[in-house]
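Raw entry.txt, compact mmCIF, C-alpha atoms:
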# COMPACT_ATOMS: atom_id res chain seq x y z
CA MET A 233 -115.67 -134.13 62.92
CA PRO A 234 -112.84 -132.95 65.19
CA ALA A 235 -112.78 -133.61 68.89
CA ARG A 236 -114.69 -131.16 71.06
CA LEU A 237 -113.17 -129.63 74.16
CA ILE A 238 -114.75 -127.78 77.08
CA ILE A 239 -112.21 -125.69 78.98
CA ASN A 240 -113.77 -125.25 82.42
CA ALA A 241 -112.41 -123.21 85.31
CA ASP A 242 -113.53 -124.30 88.76
CA ASP A 243 -113.91 -121.93 91.73
CA PHE A 244 -115.67 -119.06 89.93
CA GLY A 245 -116.76 -116.78 92.78
CA LEU A 246 -113.92 -117.73 95.13
CA THR A 247 -112.19 -114.32 94.87
CA ARG A 248 -112.35 -111.26 92.62
CA GLY A 249 -108.93 -112.23 91.23
CA VAL A 250 -110.17 -115.67 90.22
CA ASN A 251 -113.20 -114.05 88.59
CA ARG A 252 -111.07 -111.54 86.71
CA ALA A 253 -108.79 -114.29 85.40
CA ILE A 254 -111.78 -116.31 84.17
CA ALA A 255 -113.28 -113.32 82.33
CA GLU A 256 -109.92 -112.39 80.77
CA LEU A 257 -109.25 -115.95 79.62
CA HIS A 258 -112.73 -116.26 78.13
CA ARG A 259 -112.30 -113.04 76.16
CA ALA A 260 -108.89 -114.34 74.95
CA LYS A 261 -110.62 -117.52 73.66
CA ALA A 262 -108.68 -119.61 76.16
CA LEU A 263 -111.66 -120.62 78.34
CA THR A 264 -115.22 -121.60 77.47
CA SER A 265 -116.84 -122.49 80.78
CA ALA A 266 -116.67 -121.94 84.54
CA THR A 267 -118.43 -123.34 87.57
CA LEU A 268 -119.71 -120.86 90.13
CA MET A 269 -119.56 -121.43 93.89
CA ALA A 270 -122.87 -120.41 95.45
CA THR A 271 -121.20 -119.44 98.72
CA GLY A 272 -117.99 -118.02 97.27
CA ALA A 273 -116.74 -114.81 98.86
CA ALA A 274 -116.91 -113.06 95.46
CA PHE A 275 -120.24 -114.52 94.31
CA ASP A 276 -121.84 -111.19 93.33
CA ASP A 277 -118.73 -110.15 91.40
CA ALA A 278 -118.76 -113.48 89.53
CA VAL A 279 -122.42 -113.00 88.62
CA ALA A 280 -121.59 -109.58 87.17
CA HIS A 281 -118.78 -111.10 85.07
CA ALA A 282 -121.11 -113.87 83.88
CA HIS A 283 -123.72 -111.37 82.71
CA ALA A 284 -121.03 -109.29 80.98
CA ASN A 285 -119.77 -112.40 79.11
CA PRO A 286 -122.91 -114.21 77.90
CA ALA A 287 -120.98 -116.71 75.74
CA LEU A 288 -119.26 -118.08 78.86
CA GLY A 289 -120.99 -121.27 79.97
CA VAL A 290 -121.65 -121.15 83.71
CA GLY A 291 -122.33 -124.24 85.80
CA CYS A 292 -122.79 -124.76 89.52
CA HIS A 293 -119.73 -125.90 91.49
CA VAL A 294 -121.67 -127.82 94.13
CA THR A 295 -119.78 -127.61 97.42
CA LEU A 296 -120.28 -130.24 100.12
CA THR A 297 -116.92 -129.92 101.91
CA ASP A 298 -114.74 -127.04 103.04
CA GLY A 299 -117.23 -124.18 103.20
CA THR A 300 -120.61 -123.08 104.48
CA PRO A 301 -124.01 -124.19 103.21
CA VAL A 302 -126.77 -122.23 101.52
CA SER A 303 -129.37 -124.28 103.38
CA SER A 304 -130.05 -123.91 107.07
CA PRO A 305 -127.46 -126.12 108.82
CA GLN A 306 -130.27 -127.60 110.92
CA SER A 307 -131.85 -128.99 107.74
CA ILE A 308 -128.70 -130.87 106.64
CA PRO A 309 -127.12 -132.16 109.87
CA THR A 310 -125.28 -135.12 108.28
CA LEU A 311 -123.32 -132.72 106.07
CA MET A 312 -122.15 -130.54 108.94
CA SER A 313 -118.89 -130.63 110.86
CA ALA A 314 -118.76 -130.69 114.65
CA ASP A 315 -119.29 -126.92 114.86
CA GLY A 316 -122.74 -127.29 113.29
CA LYS A 317 -122.10 -124.27 111.04
CA SER A 318 -119.79 -125.42 108.26
CA PHE A 319 -119.13 -128.48 106.11
CA ARG A 320 -116.41 -130.95 107.04
CA PRO A 321 -113.11 -129.26 106.20
CA SER A 322 -111.45 -132.21 104.47
CA LEU A 323 -112.40 -134.52 101.62
CA GLY A 324 -111.15 -137.49 103.62
CA ALA A 325 -113.56 -136.83 106.48
CA PHE A 326 -116.45 -136.42 104.05
CA VAL A 327 -115.66 -139.65 102.16
CA GLN A 328 -115.22 -141.63 105.36
CA MET A 329 -118.72 -140.71 106.52
CA LEU A 330 -120.16 -141.16 103.03
CA VAL A 331 -118.94 -144.73 102.58
CA ARG A 332 -120.17 -145.59 106.08
CA GLY A 333 -123.65 -144.47 105.07
CA LYS A 334 -123.65 -141.61 107.58
CA ILE A 335 -124.47 -138.87 105.06
CA SER A 336 -128.03 -138.53 103.83
CA GLU A 337 -128.60 -138.45 100.07
CA ASP A 338 -131.73 -136.41 100.69
CA GLU A 339 -129.63 -133.78 102.46
CA ILE A 340 -127.11 -133.73 99.60
CA GLU A 341 -130.02 -133.15 97.22
CA ARG A 342 -131.47 -130.41 99.46
CA GLU A 343 -128.19 -128.50 99.63
CA ALA A 344 -127.31 -128.95 95.96
CA LEU A 345 -130.77 -127.69 95.02
CA ALA A 346 -130.34 -124.65 97.28
CA GLN A 347 -127.00 -123.83 95.63
CA VAL A 348 -128.40 -124.18 92.10
CA GLU A 349 -131.46 -122.08 92.93
CA LYS A 350 -129.22 -119.31 94.30
CA LEU A 351 -127.49 -119.12 90.92
CA GLN A 352 -130.78 -119.17 89.07
CA ARG A 353 -132.22 -116.38 91.23
CA ALA A 354 -129.16 -114.32 90.23
CA GLY A 355 -130.12 -114.74 86.57
CA ILE A 356 -127.57 -117.44 85.75
CA HIS A 357 -128.54 -120.04 83.15
CA VAL A 358 -126.87 -123.08 84.71
CA THR A 359 -125.30 -125.19 81.97
CA HIS A 360 -124.10 -128.09 84.10
CA LEU A 361 -123.15 -129.40 87.53
CA ASP A 362 -119.82 -130.44 88.97
CA THR A 363 -118.56 -130.71 92.54
CA HIS A 364 -115.83 -129.19 94.66
CA LYS A 365 -113.09 -131.81 95.07
CA HIS A 366 -114.99 -134.12 92.66
CA THR A 367 -117.20 -135.61 95.36
CA HIS A 368 -119.64 -136.89 92.75
CA LEU A 369 -117.12 -139.58 91.91
CA PHE A 370 -119.17 -141.48 94.49
CA PRO A 371 -122.59 -142.88 93.52
CA ALA A 372 -124.21 -141.54 96.72
CA VAL A 373 -123.44 -138.02 95.48
CA THR A 374 -124.07 -138.64 91.78
CA ARG A 375 -127.63 -139.84 92.39
CA PRO A 376 -128.94 -136.73 94.19
CA LEU A 377 -127.09 -134.44 91.77
CA LEU A 378 -128.79 -136.08 88.81
CA ARG A 379 -132.16 -135.60 90.49
CA VAL A 380 -131.36 -131.90 91.00
CA ALA A 381 -130.25 -131.58 87.37
CA GLU A 382 -133.56 -132.98 86.14
CA ARG A 383 -135.62 -130.96 88.59
CA CYS A 384 -133.89 -127.72 87.54
CA SER A 385 -133.71 -128.53 83.80
CA ILE A 386 -129.91 -128.64 83.82
CA GLY A 387 -128.71 -130.59 80.82
CA ALA A 388 -125.26 -131.85 81.82
CA ILE A 389 -122.95 -133.04 84.56
CA ARG A 390 -119.16 -133.35 84.64
CA ASN A 391 -117.73 -136.79 84.01
CA PRO A 392 -115.21 -136.68 86.89
CA PHE A 393 -113.04 -139.54 85.61
CA GLU A 394 -109.72 -139.08 83.86
CA ARG A 395 -109.07 -141.23 80.81
CA SER A 396 -106.25 -143.79 80.83
CA TRP A 397 -104.39 -142.03 77.97
CA SER A 398 -104.29 -138.84 80.04
CA LEU A 399 -103.13 -140.61 83.20
CA ALA A 400 -100.41 -142.38 81.22
CA LEU A 401 -98.71 -139.04 80.61
CA GLY A 402 -97.60 -139.13 84.25
CA HIS A 403 -98.64 -135.63 85.31
CA GLY A 404 -98.99 -134.61 88.94
CA ASN A 405 -97.47 -136.37 91.90
CA ARG A 406 -97.46 -140.15 92.18
CA LEU A 407 -99.92 -140.32 95.08
CA ARG A 408 -102.53 -138.22 93.24
CA ARG A 409 -102.18 -140.34 90.10
CA LEU A 410 -102.67 -143.47 92.19
CA GLN A 411 -105.78 -142.00 93.84
CA VAL A 412 -107.24 -140.98 90.47
CA LYS A 413 -106.52 -144.42 89.04
CA LEU A 414 -108.11 -146.28 91.97
CA LEU A 415 -111.22 -144.09 91.95
CA GLY A 416 -111.52 -144.84 88.24
CA ASN A 417 -113.05 -148.15 89.31
CA LEU A 418 -116.25 -146.18 89.98
CA GLN A 419 -116.46 -144.93 86.39
CA ASN A 420 -118.74 -147.66 85.06
CA ARG A 421 -121.24 -147.05 87.86
CA PHE A 422 -121.22 -143.31 87.13
CA GLU A 423 -121.83 -143.87 83.42
CA ARG A 424 -124.66 -146.31 84.11
CA GLN A 425 -126.29 -143.78 86.44
CA VAL A 426 -126.13 -141.09 83.77
CA GLN A 427 -127.36 -143.41 81.02
CA ILE A 428 -130.33 -144.57 83.09
CA ARG A 429 -131.59 -140.98 82.99
CA ASP A 430 -132.42 -141.68 79.32
CA ALA A 431 -130.06 -138.95 78.04
CA ARG A 432 -131.91 -136.18 79.86
CA VAL A 433 -128.61 -135.30 81.55
CA LEU A 434 -125.57 -135.46 79.28
CA THR A 435 -121.88 -135.80 80.05
CA THR A 436 -118.54 -135.92 78.24
CA ASP A 437 -116.22 -138.80 77.37
CA GLY A 438 -114.04 -137.83 80.33
CA THR A 439 -112.10 -135.03 81.97
CA ILE A 440 -108.41 -134.24 81.60
CA GLY A 441 -106.19 -132.28 83.93
CA ILE A 442 -107.47 -133.84 87.17
CA SER A 443 -104.22 -135.61 88.05
CA ALA A 444 -102.30 -132.50 86.93
CA THR A 445 -104.13 -130.18 89.35
CA GLY A 446 -101.48 -128.01 90.97
CA HIS A 447 -99.01 -128.90 88.18
CA LEU A 448 -100.79 -127.62 85.07
CA ASP A 449 -98.05 -125.50 83.54
CA ALA A 450 -97.61 -124.68 79.83
CA TYR A 451 -95.57 -127.82 79.11
CA THR A 452 -98.11 -130.11 80.78
CA LEU A 453 -101.04 -128.40 79.03
CA ARG A 454 -99.25 -128.72 75.68
CA GLN A 455 -98.81 -132.47 76.26
CA LEU A 456 -102.47 -132.92 77.19
CA LEU A 457 -103.70 -131.06 74.12
CA HIS A 458 -101.32 -132.98 71.86
CA ALA A 459 -102.58 -136.32 73.25
CA LEU A 460 -106.26 -135.42 72.83
CA PRO A 461 -107.96 -138.06 70.63
CA ALA A 462 -109.15 -137.07 67.18
CA GLU A 463 -112.76 -137.80 68.15
CA GLY A 464 -114.89 -137.46 71.27
CA THR A 465 -115.90 -134.73 73.69
CA PHE A 466 -113.71 -133.97 76.70
CA GLU A 467 -113.39 -131.39 79.47
CA LEU A 468 -110.17 -129.77 80.58
CA CYS A 469 -110.51 -128.94 84.29
CA CYS A 470 -108.41 -125.99 85.44
CA HIS A 471 -108.07 -123.49 88.29
CA PRO A 472 -106.73 -120.18 86.97
CA GLY A 473 -106.65 -116.98 88.99
CA TYR A 474 -104.53 -114.22 90.46
CA ASN A 475 -102.49 -114.94 93.58
CA ASP A 476 -103.46 -111.76 95.43
CA GLY A 477 -104.47 -110.56 98.88
CA ASP A 478 -108.03 -111.81 98.47
CA LEU A 479 -106.74 -115.31 97.81
CA ASP A 480 -104.72 -115.13 101.04
CA ARG A 481 -107.99 -114.74 102.95
CA VAL A 482 -109.70 -117.91 101.69
CA THR A 483 -109.02 -121.60 102.21
CA THR A 484 -107.40 -123.13 99.12
CA ARG A 485 -104.33 -125.25 98.47
CA LEU A 486 -103.91 -123.67 95.02
CA ARG A 487 -102.25 -120.28 95.36
CA SER A 488 -99.21 -119.40 93.24
CA HIS A 489 -100.16 -122.09 90.76
CA ARG A 490 -103.31 -120.20 89.79
CA ASP A 491 -101.02 -117.67 88.10
CA VAL A 492 -99.17 -120.54 86.40
CA GLU A 493 -102.40 -122.01 85.02
CA ARG A 494 -103.64 -118.62 83.84
CA ASN A 495 -100.44 -118.02 81.91
CA ALA A 496 -100.42 -121.56 80.50
CA LEU A 497 -103.93 -121.20 79.13
CA LEU A 498 -103.11 -117.82 77.58
CA THR A 499 -99.98 -119.26 75.99
CA GLU A 500 -101.26 -122.58 74.70
CA LEU A 501 -104.96 -122.34 73.82
CA PRO A 502 -105.04 -119.52 71.25
CA ALA A 503 -101.97 -121.02 69.53
CA ARG A 504 -103.47 -124.50 69.53
CA SER A 505 -106.69 -123.31 67.91
CA LEU A 506 -104.73 -122.23 64.81
CA ARG A 507 -103.37 -125.71 64.13
CA PRO A 508 -104.97 -128.20 61.71
CA ASN A 509 -107.50 -130.55 63.36
CA ALA A 510 -107.62 -128.42 66.51
CA PRO A 511 -110.46 -129.42 68.84
CA GLN A 512 -113.68 -127.47 68.58
CA LEU A 513 -114.03 -125.37 71.74
CA ILE A 514 -117.51 -125.56 73.25
CA ASN A 515 -119.23 -125.20 76.62
CA TYR A 516 -121.63 -127.59 78.32
CA GLY A 517 -124.61 -125.84 76.78
CA ASP A 518 -123.44 -127.16 73.38
CA LEU A 519 -123.27 -130.84 74.36
CA GLY A 520 -126.57 -131.76 72.74
CA ALA A 521 -125.83 -129.97 69.47

Spit out the file's structure as structure tokens when you get a sec.
Amino acid sequence: MPARLIINADDFGLTRGVNRAIAELHRAKALTSATLMATGAAFDDAVAHAHANPALGVGCHVTLTDGTPVSSPQSIPTLMSADGKSFRPSLGAFVQMLVRGKISEDEIEREALAQVEKLQRAGIHVTHLDTHKHTHLFPAVTRPLLRVAERCSIGAIRNPFERSWSLALGHGNRLRRLQVKLLGNLQNRFERQVQIRDARVLTTDGTIGISATGHLDAYTLRQLLHALPAEGTFELCCHPGYNDGDLDRVTTRLRSHRDVERNALLTELPARSLRPNAPQLINYGDLGA
């Protein structure tokens, strides 16, 4: 049985240009999955694209930093920044408070549930959960997300850890690779947490492309696909889009590179699928098959 690969675009709902890129890539057989931001500026447009492309797996991109909540801010005070209206703007600030025990797991669960339920009310069948900036690397975020997954009958969660063979390719800048490698020490705890759910919530064997975020051009993508093991199930995490006026109006560090990733996926994925022993392309809804 060949390896299986989920090609997932984060930030569905961020802008209309991101949504358009995701729909175009899916129709070109270069993308199988996307995760939708419940408070994205183009949420309604993303929902329309999802309904028009029913084979596209759609998960919830749970956002706990750099944005606004679905819940009433008064109900999740430990997640709020000093303005009392929005999340903390940086991952560093969030992690600092998380490791100090200053963020409530119950509040994480409350907000994640609110985001998932917003998608479900819009008629989205949520295939899986992941998090903006991979915050569920940390056990204090993984635990409440797994409870939400079970409560909402969501069958999968992203494995946010990059495999050693992928890291060894040396993609991305040195600092990011070091951060990804150090955070890999949490992988065993994540896998134990998922396994203790008695397989009610599934995950993959790992995610590729995390260290390459912001550097995922055609050459890098070709290397990753070539290095993919002959067996196992993996996710390729990507951030395609159009660098347009709408993108200028939102907070994101990925701008021109969204065009680069879109073009890389269009160039490499359809060609790769024609080769012998190409990975089987699936979405998270297929994990249990």

### Nearest residue to Gln347 (chain A) from the set A:Leu369, A:Leu361, A:Leu237, A:Val279 (distances using all atoms listed in the file)
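Ranked by minimum distance to Gln347 (chain A), first place goes to A:Leu361.
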
### Query
Counting only C-alpha atoms, which of A:Glu394, A:Asp476, A:Asp338, A:Asp242 gets nearest to Asn417 (chain A)?
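Ranked by minimum distance to Asn417 (chain A), first place goes to A:Glu394.
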
### Message
From the options A:Ser307, A:Thr300, A:Gln419, A:Thr465, which residue's atoms come nearest to Thr483 (chain A), counting all atoms listed in the file?
### Response
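Of A:Ser307, A:Thr300, A:Gln419, A:Thr465, the one nearest Thr483 (chain A), counting all atoms listed in the file, is A:Thr300.
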
### Task
Might you pull out every residue within 10 Å of Ala354 (chain A), with all atoms listed in the file counted and same-chain residues fewer than 5 positions away left off, and present them as a PyMOL selection string?
chain A and resi 275-276+279-280+283+349

### Nearby residues (all atoms listed in the file) at most 8 Å from region 443-450 of chain A, same-chain spacing under 2 positions excluded, as a ChimeraX atom specification
/A:394,399,403-405,408-409,412,440-441,452-454,470-471,486,489,492-493,495-497,499-500

Would you save the residues from that selection as a PDB file, in the coordinates of the input, using C-alpha atoms?
ATOM      1  CA  GLU A 394    -109.720-139.080  83.860  1.00  0.00           C
ATOM      2  CA  LEU A 399    -103.130-140.610  83.200  1.00  0.00           C
ATOM      3  CA  HIS A 403     -98.640-135.630  85.310  1.00  0.00           C
ATOM      4  CA  GLY A 404     -98.990-134.610  88.940  1.00  0.00           C
ATOM      5  CA  ASN A 405     -97.470-136.370  91.900  1.00  0.00           C
ATOM      6  CA  ARG A 408    -102.530-138.220  93.240  1.00  0.00           C
ATOM      7  CA  ARG A 409    -102.180-140.340  90.100  1.00  0.00           C
ATOM      8  CA  VAL A 412    -107.240-140.980  90.470  1.00  0.00           C
ATOM      9  CA  ILE A 440    -108.410-134.240  81.600  1.00  0.00           C
ATOM     10  CA  GLY A 441    -106.190-132.280  83.930  1.00  0.00           C
ATOM     11  CA  THR A 452     -98.110-130.110  80.780  1.00  0.00           C
ATOM     12  CA  LEU A 453    -101.040-128.400  79.030  1.00  0.00           C
ATOM     13  CA  ARG A 454     -99.250-128.720  75.680  1.00  0.00           C
ATOM     14  CA  CYS A 470    -108.410-125.990  85.440  1.00  0.00           C
ATOM     15  CA  HIS A 471    -108.070-123.490  88.290  1.00  0.00           C
ATOM     16  CA  LEU A 486    -103.910-123.670  95.020  1.00  0.00           C
ATOM     17  CA  HIS A 489    -100.160-122.090  90.760  1.00  0.00           C
ATOM     18  CA  VAL A 492     -99.170-120.540  86.400  1.00  0.00           C
ATOM     19  CA  GLU A 493    -102.400-122.010  85.020  1.00  0.00           C
ATOM     20  CA  ASN A 495    -100.440-118.020  81.910  1.00  0.00           C
ATOM     21  CA  ALA A 496    -100.420-121.560  80.500  1.00  0.00           C
ATOM     22  CA  LEU A 497    -103.930-121.200  79.130  1.00  0.00           C
ATOM     23  CA  THR A 499     -99.980-119.260  75.990  1.00  0.00           C
ATOM     24  CA  GLU A 500    -101.260-122.580  74.700  1.00  0.00           C
TER      25      GLU A 500
END

### Task
Between A:Val250, A:Ala314, A:Ala262, A:Leu479, single out the one closest to Ile238 (chain A), counting all atoms listed in the file.
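Using all atoms listed in the file, Ile238 (chain A) sits closest to A:Ala262.
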
### Query
Which of these residues is nearest to Arg485 (chain A), using all atoms listed in the file: A:Cys469, A:Ser322, A:Leu330, A:Val373?
A:Ser322

### Task
Measure the distance from CA of Ala503 (chain A) to CA of Ala278 (chain A) in Å and round it to one decimal.
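CA of Ala278 (chain A) lies 27.2 Å from CA of Ala503 (chain A).
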